[in-house]
$ cat structure.pdb   # PDB, C-alpha atoms
ATOM      1  CA  MET N 724      23.494  16.753  -0.628  1.00  0.00           C
ATOM      2  CA  LEU N 725      20.436  17.750   1.395  1.00  0.00           C
ATOM      3  CA  THR N 726      19.397  15.326   4.097  1.00  0.00           C
ATOM      4  CA  LYS N 727      16.121  13.471   3.706  1.00  0.00           C
ATOM      5  CA  ARG N 728      13.560  14.096   6.436  1.00  0.00           C
ATOM      6  CA  ILE N 729      11.666  11.506   8.484  1.00  0.00           C
ATOM      7  CA  ILE N 730       8.315  12.923   9.552  1.00  0.00           C
ATOM      8  CA  PRO N 731       5.818  11.120  11.796  1.00  0.00           C
ATOM      9  CA  CYS N 732       2.227  12.105  11.008  1.00  0.00           C
ATOM     10  CA  LEU N 733      -0.373  12.457  13.719  1.00  0.00           C
ATOM     11  CA  ASP N 734      -3.969  12.336  12.477  1.00  0.00           C
ATOM     12  CA  VAL N 735      -5.978  13.946  15.262  1.00  0.00           C
ATOM     13  CA  LYS N 736      -9.663  13.410  15.977  1.00  0.00           C
ATOM     14  CA  ASP N 737     -11.325  14.682  19.143  1.00  0.00           C
ATOM     15  CA  ASN N 738      -7.896  15.458  20.632  1.00  0.00           C
ATOM     16  CA  ARG N 739      -6.620  11.896  20.118  1.00  0.00           C
ATOM     17  CA  VAL N 740      -4.258  10.488  17.510  1.00  0.00           C
ATOM     18  CA  VAL N 741      -6.021   7.946  15.306  1.00  0.00           C
ATOM     19  CA  LYS N 742      -5.084   5.806  12.327  1.00  0.00           C
ATOM     20  CA  GLY N 743      -7.151   3.959   9.756  1.00  0.00           C
ATOM     21  CA  VAL N 744      -7.145   2.813   6.152  1.00  0.00           C
ATOM     22  CA  ASN N 745      -8.050   5.441   3.551  1.00  0.00           C
ATOM     23  CA  PHE N 746      -9.104   7.690   6.468  1.00  0.00           C
ATOM     24  CA  LEU N 747     -11.706   5.083   7.562  1.00  0.00           C
ATOM     25  CA  ASN N 748     -11.974   2.465  10.358  1.00  0.00           C
ATOM     26  CA  LEU N 749     -10.036   4.664  12.758  1.00  0.00           C
ATOM     27  CA  ARG N 750      -8.398   3.318  15.909  1.00  0.00           C
ATOM     28  CA  ASP N 751      -6.811   5.171  18.791  1.00  0.00           C
ATOM     29  CA  ALA N 752      -3.038   5.692  18.776  1.00  0.00           C
ATOM     30  CA  GLY N 753      -2.473   8.003  21.736  1.00  0.00           C
ATOM     31  CA  ASP N 754      -2.287  11.569  22.996  1.00  0.00           C
ATOM     32  CA  PRO N 755      -0.986  14.016  20.354  1.00  0.00           C
ATOM     33  CA  VAL N 756       1.093  16.089  22.754  1.00  0.00           C
ATOM     34  CA  GLU N 757       2.750  13.057  24.356  1.00  0.00           C
ATOM     35  CA  LEU N 758       3.394  11.399  21.009  1.00  0.00           C
ATOM     36  CA  GLY N 759       4.776  14.605  19.560  1.00  0.00           C
ATOM     37  CA  ALA N 760       7.153  15.032  22.469  1.00  0.00           C
ATOM     38  CA  ARG N 761       8.286  11.421  22.168  1.00  0.00           C
ATOM     39  CA  TYR N 762       9.043  11.732  18.465  1.00  0.00           C
ATOM     40  CA  SER N 763      10.900  14.981  19.064  1.00  0.00           C
ATOM     41  CA  GLU N 764      13.086  13.259  21.662  1.00  0.00           C
ATOM     42  CA  GLN N 765      13.637  10.219  19.432  1.00  0.00           C
ATOM     43  CA  GLY N 766      15.123  12.276  16.592  1.00  0.00           C
ATOM     44  CA  ALA N 767      12.289  12.866  14.137  1.00  0.00           C
ATOM     45  CA  ASP N 768      13.139  15.722  11.801  1.00  0.00           C
ATOM     46  CA  GLU N 769       9.684  17.270  11.809  1.00  0.00           C
ATOM     47  CA  LEU N 770       6.112  16.468  12.788  1.00  0.00           C
ATOM     48  CA  VAL N 771       2.824  16.858  10.951  1.00  0.00           C
ATOM     49  CA  PHE N 772      -0.462  17.200  12.834  1.00  0.00           C
ATOM     50  CA  LEU N 773      -3.633  16.839  10.787  1.00  0.00           C
ATOM     51  CA  ASP N 774      -6.985  17.504  12.448  1.00  0.00           C
ATOM     52  CA  ILE N 775      -9.023  15.160  10.276  1.00  0.00           C
ATOM     53  CA  THR N 776     -12.368  16.390  11.601  1.00  0.00           C
ATOM     54  CA  ALA N 777     -11.522  20.095  11.555  1.00  0.00           C
ATOM     55  CA  THR N 778     -13.525  20.871   8.441  1.00  0.00           C
ATOM     56  CA  ILE N 779     -16.711  20.553  10.481  1.00  0.00           C
ATOM     57  CA  ARG N 780     -15.475  21.494  13.949  1.00  0.00           C
ATOM     58  CA  SER N 781     -14.442  24.554  15.899  1.00  0.00           C
ATOM     59  CA  LYS N 782     -10.832  25.675  15.516  1.00  0.00           C
ATOM     60  CA  LYS N 783     -10.499  26.371  19.243  1.00  0.00           C
ATOM     61  CA  THR N 784      -9.449  22.835  20.152  1.00  0.00           C
ATOM     62  CA  ILE N 785      -6.733  22.657  17.495  1.00  0.00           C
ATOM     63  CA  VAL N 786      -5.282  26.022  18.576  1.00  0.00           C
ATOM     64  CA  GLU N 787      -5.067  24.802  22.162  1.00  0.00           C
ATOM     65  CA  MET N 788      -3.365  21.599  21.023  1.00  0.00           C
ATOM     66  CA  VAL N 789      -0.835  23.547  18.948  1.00  0.00           C
ATOM     67  CA  GLU N 790       0.066  25.660  21.967  1.00  0.00           C
ATOM     68  CA  ARG N 791       0.558  22.550  24.128  1.00  0.00           C
ATOM     69  CA  VAL N 792       2.650  20.817  21.473  1.00  0.00           C
ATOM     70  CA  ALA N 793       4.845  23.881  20.938  1.00  0.00           C
ATOM     71  CA  GLU N 794       5.789  23.830  24.612  1.00  0.00           C
ATOM     72  CA  ARG N 795       7.017  20.240  24.401  1.00  0.00           C
ATOM     73  CA  ILE N 796       8.864  19.788  21.120  1.00  0.00           C
ATOM     74  CA  PHE N 797      12.004  21.264  19.606  1.00  0.00           C
ATOM     75  CA  ILE N 798      11.581  20.426  15.935  1.00  0.00           C
ATOM     76  CA  PRO N 799       9.454  22.078  13.227  1.00  0.00           C
ATOM     77  CA  PHE N 800       5.843  21.044  13.044  1.00  0.00           C
ATOM     78  CA  THR N 801       3.136  21.500  10.464  1.00  0.00           C
ATOM     79  CA  VAL N 802      -0.554  21.795  11.290  1.00  0.00           C
ATOM     80  CA  GLY N 803      -3.387  21.124   8.873  1.00  0.00           C
ATOM     81  CA  GLY N 804      -7.062  20.338   8.737  1.00  0.00           C
ATOM     82  CA  GLY N 805      -9.909  22.678   7.930  1.00  0.00           C
ATOM     83  CA  ILE N 806      -7.757  25.766   7.428  1.00  0.00           C
ATOM     84  CA  SER N 807      -9.646  28.067   5.084  1.00  0.00           C
ATOM     85  CA  THR N 808      -8.233  31.586   5.529  1.00  0.00           C
ATOM     86  CA  ALA N 809      -4.878  33.309   5.817  1.00  0.00           C
ATOM     87  CA  ASP N 810      -6.018  34.699   9.169  1.00  0.00           C
ATOM     88  CA  GLN N 811      -6.382  31.142  10.500  1.00  0.00           C
ATOM     89  CA  ILE N 812      -2.861  30.385   9.310  1.00  0.00           C
ATOM     90  CA  GLY N 813      -1.623  33.464  11.148  1.00  0.00           C
ATOM     91  CA  LEU N 814      -3.355  32.343  14.334  1.00  0.00           C
ATOM     92  CA  LEU N 815      -1.829  28.872  14.174  1.00  0.00           C
ATOM     93  CA  LEU N 816       1.647  30.264  13.449  1.00  0.00           C
ATOM     94  CA  ARG N 817       1.341  32.611  16.424  1.00  0.00           C
ATOM     95  CA  SER N 818       0.226  29.652  18.535  1.00  0.00           C
ATOM     96  CA  GLY N 819       3.466  27.833  17.791  1.00  0.00           C
ATOM     97  CA  ALA N 820       3.114  26.029  14.473  1.00  0.00           C
ATOM     98  CA  ASP N 821       5.994  26.436  12.014  1.00  0.00           C
ATOM     99  CA  LYS N 822       3.997  25.664   8.880  1.00  0.00           C
ATOM    100  CA  CYS N 823       0.377  25.217   7.899  1.00  0.00           C
ATOM    101  CA  SER N 824      -1.002  22.688   5.466  1.00  0.00           C
ATOM    102  CA  ILE N 825      -3.960  23.626   3.275  1.00  0.00           C
ATOM    103  CA  ASN N 826      -5.926  21.386   0.959  1.00  0.00           C
ATOM    104  CA  THR N 827      -9.659  21.737   0.270  1.00  0.00           C
ATOM    105  CA  ALA N 828      -9.712  25.506   0.773  1.00  0.00           C
ATOM    106  CA  ALA N 829      -6.806  25.960  -1.639  1.00  0.00           C
ATOM    107  CA  VAL N 830      -8.646  23.989  -4.319  1.00  0.00           C
ATOM    108  CA  GLN N 831     -11.740  26.122  -3.784  1.00  0.00           C
ATOM    109  CA  ASN N 832      -9.722  29.352  -3.650  1.00  0.00           C
ATOM    110  CA  PRO N 833      -6.195  29.035  -5.104  1.00  0.00           C
ATOM    111  CA  ASP N 834      -5.512  32.663  -4.221  1.00  0.00           C
ATOM    112  CA  LEU N 835      -5.315  31.515  -0.590  1.00  0.00           C
ATOM    113  CA  ILE N 836      -1.881  30.086  -1.426  1.00  0.00           C
ATOM    114  CA  ARG N 837      -0.646  33.379  -2.846  1.00  0.00           C
ATOM    115  CA  GLU N 838      -2.069  35.509  -0.029  1.00  0.00           C
ATOM    116  CA  SER N 839      -0.637  33.227   2.660  1.00  0.00           C
ATOM    117  CA  ALA N 840       2.792  33.102   1.032  1.00  0.00           C
ATOM    118  CA  GLU N 841       2.898  36.880   0.716  1.00  0.00           C
ATOM    119  CA  ARG N 842       1.852  37.421   4.331  1.00  0.00           C
ATOM    120  CA  PHE N 843       3.872  34.723   6.079  1.00  0.00           C
ATOM    121  CA  GLY N 844       6.478  33.507   3.578  1.00  0.00           C
ATOM    122  CA  SER N 845       6.423  30.483   1.286  1.00  0.00           C
ATOM    123  CA  GLN N 846       8.270  28.434   3.904  1.00  0.00           C
ATOM    124  CA  CYS N 847       5.117  28.490   6.053  1.00  0.00           C
ATOM    125  CA  VAL N 848       2.739  27.321   3.320  1.00  0.00           C
ATOM    126  CA  VAL N 849       2.385  23.598   2.615  1.00  0.00           C
ATOM    127  CA  LEU N 850      -0.046  22.467  -0.046  1.00  0.00           C
ATOM    128  CA  ALA N 851      -1.513  19.069   0.791  1.00  0.00           C
ATOM    129  CA  ILE N 852      -2.534  17.069  -2.256  1.00  0.00           C
ATOM    130  CA  ASP N 853      -4.646  13.959  -1.712  1.00  0.00           C
ATOM    131  CA  ALA N 854      -4.377  12.200  -5.058  1.00  0.00           C
ATOM    132  CA  ARG N 855      -6.219   9.202  -6.416  1.00  0.00           C
ATOM    133  CA  ARG N 856      -5.222   7.267  -9.530  1.00  0.00           C
ATOM    134  CA  LYS N 857      -7.690   7.644 -12.408  1.00  0.00           C
ATOM    135  CA  LYS N 858      -9.407   4.370 -13.189  1.00  0.00           C
ATOM    136  CA  ASP N 859      -9.461   5.004 -16.932  1.00  0.00           C
ATOM    137  CA  GLN N 860      -5.919   6.432 -17.146  1.00  0.00           C
ATOM    138  CA  ALA N 861      -3.305   4.450 -15.254  1.00  0.00           C
ATOM    139  CA  HIS N 862      -0.652   7.167 -15.240  1.00  0.00           C
ATOM    140  CA  LYS N 863      -2.878  10.070 -14.215  1.00  0.00           C
ATOM    141  CA  TRP N 864      -4.052  11.142 -10.767  1.00  0.00           C
ATOM    142  CA  VAL N 865      -6.899  13.424  -9.731  1.00  0.00           C
ATOM    143  CA  VAL N 866      -6.938  15.682  -6.700  1.00  0.00           C
ATOM    144  CA  THR N 867      -9.499  14.767  -4.041  1.00  0.00           C
ATOM    145  CA  VAL N 868     -10.808  17.011  -1.263  1.00  0.00           C
ATOM    146  CA  LYS N 869     -12.615  16.714   2.072  1.00  0.00           C
ATOM    147  CA  ALA N 870     -10.301  14.020   3.476  1.00  0.00           C
ATOM    148  CA  GLY N 871     -10.180  12.217   0.151  1.00  0.00           C
ATOM    149  CA  SER N 872     -13.936  11.748  -0.065  1.00  0.00           C
ATOM    150  CA  GLU N 873     -14.647  13.967  -3.091  1.00  0.00           C
ATOM    151  CA  PRO N 874     -12.810  13.826  -6.436  1.00  0.00           C
ATOM    152  CA  THR N 875     -12.189  17.002  -8.402  1.00  0.00           C
ATOM    153  CA  GLU N 876     -11.344  17.667 -12.038  1.00  0.00           C
ATOM    154  CA  LEU N 877      -7.804  18.795 -11.116  1.00  0.00           C
ATOM    155  CA  ASP N 878      -4.801  16.831 -12.333  1.00  0.00           C
ATOM    156  CA  ALA N 879      -2.517  16.259  -9.354  1.00  0.00           C
ATOM    157  CA  VAL N 880       0.750  17.008 -11.155  1.00  0.00           C
ATOM    158  CA  GLN N 881      -0.581  20.166 -12.768  1.00  0.00           C
ATOM    159  CA  TRP N 882      -2.040  21.326  -9.456  1.00  0.00           C
ATOM    160  CA  ALA N 883       1.355  20.898  -7.773  1.00  0.00           C
ATOM    161  CA  GLN N 884       2.959  23.034 -10.490  1.00  0.00           C
ATOM    162  CA  ARG N 885       0.345  25.745 -10.114  1.00  0.00           C
ATOM    163  CA  ALA N 886       0.727  25.727  -6.326  1.00  0.00           C
ATOM    164  CA  GLN N 887       4.442  26.341  -6.697  1.00  0.00           C
ATOM    165  CA  GLU N 888       3.734  29.261  -9.019  1.00  0.00           C
ATOM    166  CA  LEU N 889       1.313  30.697  -6.460  1.00  0.00           C
ATOM    167  CA  GLY N 890       3.944  30.536  -3.722  1.00  0.00           C
ATOM    168  CA  ALA N 891       3.598  27.220  -1.892  1.00  0.00           C
ATOM    169  CA  GLY N 892       6.879  26.229  -0.273  1.00  0.00           C
ATOM    170  CA  GLU N 893       6.282  22.498  -0.044  1.00  0.00           C
ATOM    171  CA  ILE N 894       3.969  19.742  -1.284  1.00  0.00           C
ATOM    172  CA  LEU N 895       2.546  17.129   1.081  1.00  0.00           C
ATOM    173  CA  LEU N 896       1.549  14.419  -1.375  1.00  0.00           C
ATOM    174  CA  THR N 897      -0.713  11.603  -0.193  1.00  0.00           C
ATOM    175  CA  SER N 898      -1.711   8.638  -2.318  1.00  0.00           C
ATOM    176  CA  MET N 899      -5.297   7.943  -1.311  1.00  0.00           C
ATOM    177  CA  ASP N 900      -5.016   4.523  -2.926  1.00  0.00           C
ATOM    178  CA  ALA N 901      -2.139   3.587  -0.637  1.00  0.00           C
ATOM    179  CA  ASP N 902      -3.016   5.491   2.548  1.00  0.00           C
ATOM    180  CA  GLY N 903      -3.048   3.279   5.621  1.00  0.00           C
ATOM    181  CA  THR N 904      -2.511   0.083   3.642  1.00  0.00           C
ATOM    182  CA  GLN N 905       1.181  -0.267   4.634  1.00  0.00           C
ATOM    183  CA  ALA N 906       1.706  -1.715   1.144  1.00  0.00           C
ATOM    184  CA  GLY N 907       4.211   0.906   0.018  1.00  0.00           C
ATOM    185  CA  TYR N 908       4.064   4.421  -1.359  1.00  0.00           C
ATOM    186  CA  ASP N 909       2.892   5.230  -4.869  1.00  0.00           C
ATOM    187  CA  ILE N 910       6.364   5.624  -6.363  1.00  0.00           C
ATOM    188  CA  GLU N 911       5.132   6.669  -9.796  1.00  0.00           C
ATOM    189  CA  LEU N 912       2.893   9.409  -8.415  1.00  0.00           C
ATOM    190  CA  THR N 913       5.601  10.762  -6.138  1.00  0.00           C
ATOM    191  CA  ARG N 914       8.203  10.830  -8.893  1.00  0.00           C
ATOM    192  CA  ALA N 915       5.800  12.499 -11.335  1.00  0.00           C
ATOM    193  CA  VAL N 916       5.165  15.357  -8.906  1.00  0.00           C
ATOM    194  CA  ALA N 917       8.775  15.616  -7.712  1.00  0.00           C
ATOM    195  CA  GLU N 918      10.017  15.926 -11.290  1.00  0.00           C
ATOM    196  CA  ALA N 919       7.398  18.591 -12.094  1.00  0.00           C
ATOM    197  CA  VAL N 920       8.220  21.036  -9.267  1.00  0.00           C
ATOM    198  CA  ASP N 921      11.301  22.603  -7.707  1.00  0.00           C
ATOM    199  CA  ILE N 922       9.962  22.713  -4.140  1.00  0.00           C
ATOM    200  CA  PRO N 923      10.263  19.810  -1.665  1.00  0.00           C
ATOM    201  CA  VAL N 924       7.813  16.938  -1.931  1.00  0.00           C
ATOM    202  CA  ILE N 925       6.832  14.926   1.147  1.00  0.00           C
ATOM    203  CA  ALA N 926       5.660  11.417   0.257  1.00  0.00           C
ATOM    204  CA  SER N 927       2.676  10.160   2.225  1.00  0.00           C
ATOM    205  CA  GLY N 928       0.430   7.127   2.178  1.00  0.00           C
ATOM    206  CA  GLY N 929       1.498   3.493   2.316  1.00  0.00           C
ATOM    207  CA  ALA N 930       4.530   3.278   4.606  1.00  0.00           C
ATOM    208  CA  GLY N 931       4.840  -0.318   5.731  1.00  0.00           C
ATOM    209  CA  THR N 932       8.475  -1.396   5.738  1.00  0.00           C
ATOM    210  CA  LEU N 933      11.778   0.419   5.887  1.00  0.00           C
ATOM    211  CA  GLN N 934      12.320  -0.684   2.310  1.00  0.00           C
ATOM    212  CA  SER N 935       9.176   1.212   1.289  1.00  0.00           C
ATOM    213  CA  LEU N 936      10.636   4.408   2.741  1.00  0.00           C
ATOM    214  CA  LEU N 937      13.919   3.799   0.956  1.00  0.00           C
ATOM    215  CA  ASP N 938      12.145   3.154  -2.348  1.00  0.00           C
ATOM    216  CA  VAL N 939      10.146   6.387  -2.339  1.00  0.00           C
ATOM    217  CA  LEU N 940      13.198   8.446  -1.350  1.00  0.00           C
ATOM    218  CA  GLN N 941      15.430   6.903  -4.000  1.00  0.00           C
ATOM    219  CA  HIS N 942      13.082   5.995  -6.844  1.00  0.00           C
ATOM    220  CA  GLY N 943      10.231   8.371  -6.067  1.00  0.00           C
ATOM    221  CA  GLN N 944      12.659  11.281  -5.622  1.00  0.00           C
ATOM    222  CA  ALA N 945      10.845  12.438  -2.477  1.00  0.00           C
ATOM    223  CA  ASP N 946      12.567  14.945  -0.203  1.00  0.00           C
ATOM    224  CA  ALA N 947      10.896  13.555   2.918  1.00  0.00           C
ATOM    225  CA  VAL N 948       8.727  10.646   4.023  1.00  0.00           C
ATOM    226  CA  LEU N 949       5.620  10.856   6.154  1.00  0.00           C
ATOM    227  CA  ALA N 950       4.641   7.788   8.156  1.00  0.00           C
ATOM    228  CA  ALA N 951       2.145   7.019  10.895  1.00  0.00           C
ATOM    229  CA  SER N 952       1.254   3.422  11.753  1.00  0.00           C
ATOM    230  CA  ILE N 953       4.789   2.037  11.619  1.00  0.00           C
ATOM    231  CA  PHE N 954       5.871   4.562  14.249  1.00  0.00           C
ATOM    232  CA  HIS N 955       2.710   4.816  16.361  1.00  0.00           C
ATOM    233  CA  TYR N 956       2.474   1.073  16.981  1.00  0.00           C
ATOM    234  CA  GLY N 957       6.180   0.486  17.446  1.00  0.00           C
ATOM    235  CA  THR N 958       6.933  -1.459  14.273  1.00  0.00           C
ATOM    236  CA  TYR N 959      10.038   0.693  13.770  1.00  0.00           C
ATOM    237  CA  SER N 960      11.690   3.473  15.724  1.00  0.00           C
ATOM    238  CA  ILE N 961      13.039   6.709  14.277  1.00  0.00           C
ATOM    239  CA  ALA N 962      16.571   5.497  15.073  1.00  0.00           C
ATOM    240  CA  GLN N 963      16.052   2.175  13.261  1.00  0.00           C
ATOM    241  CA  THR N 964      14.641   4.011  10.274  1.00  0.00           C
ATOM    242  CA  LYS N 965      17.520   6.437   9.984  1.00  0.00           C
ATOM    243  CA  GLU N 966      20.116   3.725  10.511  1.00  0.00           C
ATOM    244  CA  PHE N 967      18.582   1.645   7.707  1.00  0.00           C
ATOM    245  CA  LEU N 968      18.394   4.590   5.306  1.00  0.00           C
ATOM    246  CA  ALA N 969      21.942   5.725   6.062  1.00  0.00           C
ATOM    247  CA  ARG N 970      23.215   2.188   5.497  1.00  0.00           C
ATOM    248  CA  HIS N 971      21.661   2.300   2.040  1.00  0.00           C
ATOM    249  CA  GLY N 972      23.220   5.624   1.093  1.00  0.00           C
ATOM    250  CA  VAL N 973      20.417   8.033   1.980  1.00  0.00           C
ATOM    251  CA  PRO N 974      21.685  11.176   3.739  1.00  0.00           C
ATOM    252  CA  VAL N 975      19.815  11.651   7.029  1.00  0.00           C
ATOM    253  CA  ARG N 976      20.270  13.834  10.080  1.00  0.00           C
ATOM    254  CA  PRO N 977      21.804  11.820  12.949  1.00  0.00           C
ATOM    255  CA  VAL N 978      19.527  10.912  15.854  1.00  0.00           C
TER     256      VAL N 978
END
$ encode --input "structure.pdb" --output "structure tokens"
Amino acid sequence: MLTKRIIPCLDVKDNRVVKGVNFLNLRDAGDPVELGARYSEQGADELVFLDITATIRSKKTIVEMVERVAERIFIPFTVGGGISTADQIGLLLRSGADKCSINTAAVQNPDLIRESAERFGSQCVVLAIDARRKKDQAHKWVVTVKAGSEPTELDAVQWAQRAQELGAGEILLTSMDADGTQAGYDIELTRAVAEAVDIPVIASGGAGTLQSLLDVLQHGQADAVLAASIFHYGTYSIAQTKEFLARHGVPVRPV
């Protein structure tokens, strides 16, 4: 049985890690390079860095951060935020990133997924889906773009399926309804996407207790869990998390 991955997420703004609720009311959580190194040492399986202001900022700062992070950590890390071309993905991979996460640009130009997968391999291409539950249809979710601020007409489950067909190697699935609330992941959303695709699904948005991580791995059928606040502010450590999951029958890589 494949081990489940524990992935701290670092939302980066102006070269600092921040955390808020639904991407709003942000507060400082530390230096991204130092935090990344700490999580690497503590036994995290991977890291995700998301430059949440990158859609309107220069890419130079994020490239420099990637280079600094790559020198300090020894686990795979994914970089996302404002990536709009395959050339930008190539630059970030050469700077030390292992994978790149694309969202808005992929919605605007789905062929970006195919081109990137062909050039760099599907294992390097992560499609980020920020999904919001439809108000008039309880069991449907729409894809949102631009840090969750703009809804689209895309159905989240169907978009995940199409992304797999185009060559995406992984889905980073965030519930915009749950993000930052620490009230638990959207189990139904995660399971719907996980059952619709054959590539790994990373659950994101809503981590609050160790039980919430367990629930989305077991009942949501996620392959990995992304969490931010519970790790950044010391609510739980990576070791505590893995010990709890292992005790409840979830296969995890030892710390």
$ residues_near_point --input "structure.pdb" --point "(-9.3, 4.3, -3.5)" --cutoff "7 Å" --atoms "all atoms listed in the file" --output "list of chain:residue names"
N:Arg855, N:Met899, N:Asp900
$ residues_around --input "structure.pdb" --residues "Ala926 in chain N" --least-positions-apart "4" --cutoff "12 Å" --atoms "only C-alpha atoms" --output "ChimeraX atom specification"
/N:727-732,851-854,893-899,901-902,907-917,930,935-950
$ closest_residue --input "structure.pdb" --among "N:Ile796, N:Val866, N:Ile825, N:Leu889" --to "Glu838 in chain N" --atoms "only C-alpha atoms"
N:Leu889
$ closest_residue --input "structure.pdb" --among "N:Ser763, N:Ser807, N:Ser839, N:Thr801" --to "Cys823 in chain N" --atoms "all atoms listed in the file"
N:Thr801
$ residues_around --input "structure.pdb" --residues "Pro977 in chain N" --least-positions-apart "2" --cutoff "9 Å" --atoms "only C-alpha atoms" --output "list in words"
Gly766, Ala962, Lys965, Glu966 and Val975 of chain N
$ write_last_selection --input "structure.pdb" --atoms "C-alpha atoms" --output "mmCIF file, keeping the file's coordinate frame"
data_model
loop_
_atom_site.group_PDB
_atom_site.id
_atom_site.type_symbol
_atom_site.label_atom_id
_atom_site.label_comp_id
_atom_site.auth_asym_id
_atom_site.auth_seq_id
_atom_site.Cartn_x
_atom_site.Cartn_y
_atom_site.Cartn_z
ATOM 1 C CA GLY N 766 15.123 12.276 16.592
ATOM 2 C CA ALA N 962 16.571 5.497 15.073
ATOM 3 C CA LYS N 965 17.520 6.437 9.984
ATOM 4 C CA GLU N 966 20.116 3.725 10.511
ATOM 5 C CA VAL N 975 19.815 11.651 7.029
#
$ axis_aligned_box --input "structure.pdb" --around "range 803-813 of chain N" --padding-each-side "3 Å" --output "AutoDock Vina command-line options"
--center_x -5.8 --center_y 27.5 --center_z 8.1 --size_x 14.3 --size_y 20.4 --size_z 12.1
$ resolve_selection --input "structure.pdb" --expression "the PyMOL selection byres ((chain N and resi 754) around 10)" --output "PyMOL selection string"
chain N and resi 733+735+738-741+751-753+755-759
$ atom_distance --input "structure.pdb" --atom1 "CA of Glu790 in chain N" --atom2 "CA of Ala760 in chain N"
12.8 Å
$ closest_residue --input "structure.pdb" --among "N:Ala951, N:Gly844, N:Leu850, N:Asn826" --to "Phe772 in chain N" --atoms "only C-alpha atoms"
N:Ala951
$ resolve_selection --input "structure.pdb" --expression "the PyMOL selection byres ((chain N and resi 835) around 10)" --output "VMD selection string"
chain N and resid 807 to 809 825 828 to 834 836 to 841 848 889 to 891
$ closest_residue --input "structure.pdb" --among "N:Asp821, N:Asp878, N:Asp737, N:Asp921" --to "Val792 in chain N" --atoms "all atoms listed in the file"
N:Asp821
$ atom_distance --input "structure.pdb" --atom1 "CA of Gln846 in chain N" --atom2 "CA of Thr964 in chain N"
26.0 Å
$ closest_residue --input "structure.pdb" --among "N:Val880, N:Leu725, N:Ala861, N:Val771" --to "Lys822 in chain N" --atoms "all atoms listed in the file"
N:Val771
$ atom_distance --input "structure.pdb" --atom1 "CA of Val924 in chain N" --atom2 "CA of Leu770 in chain N"
14.8 Å
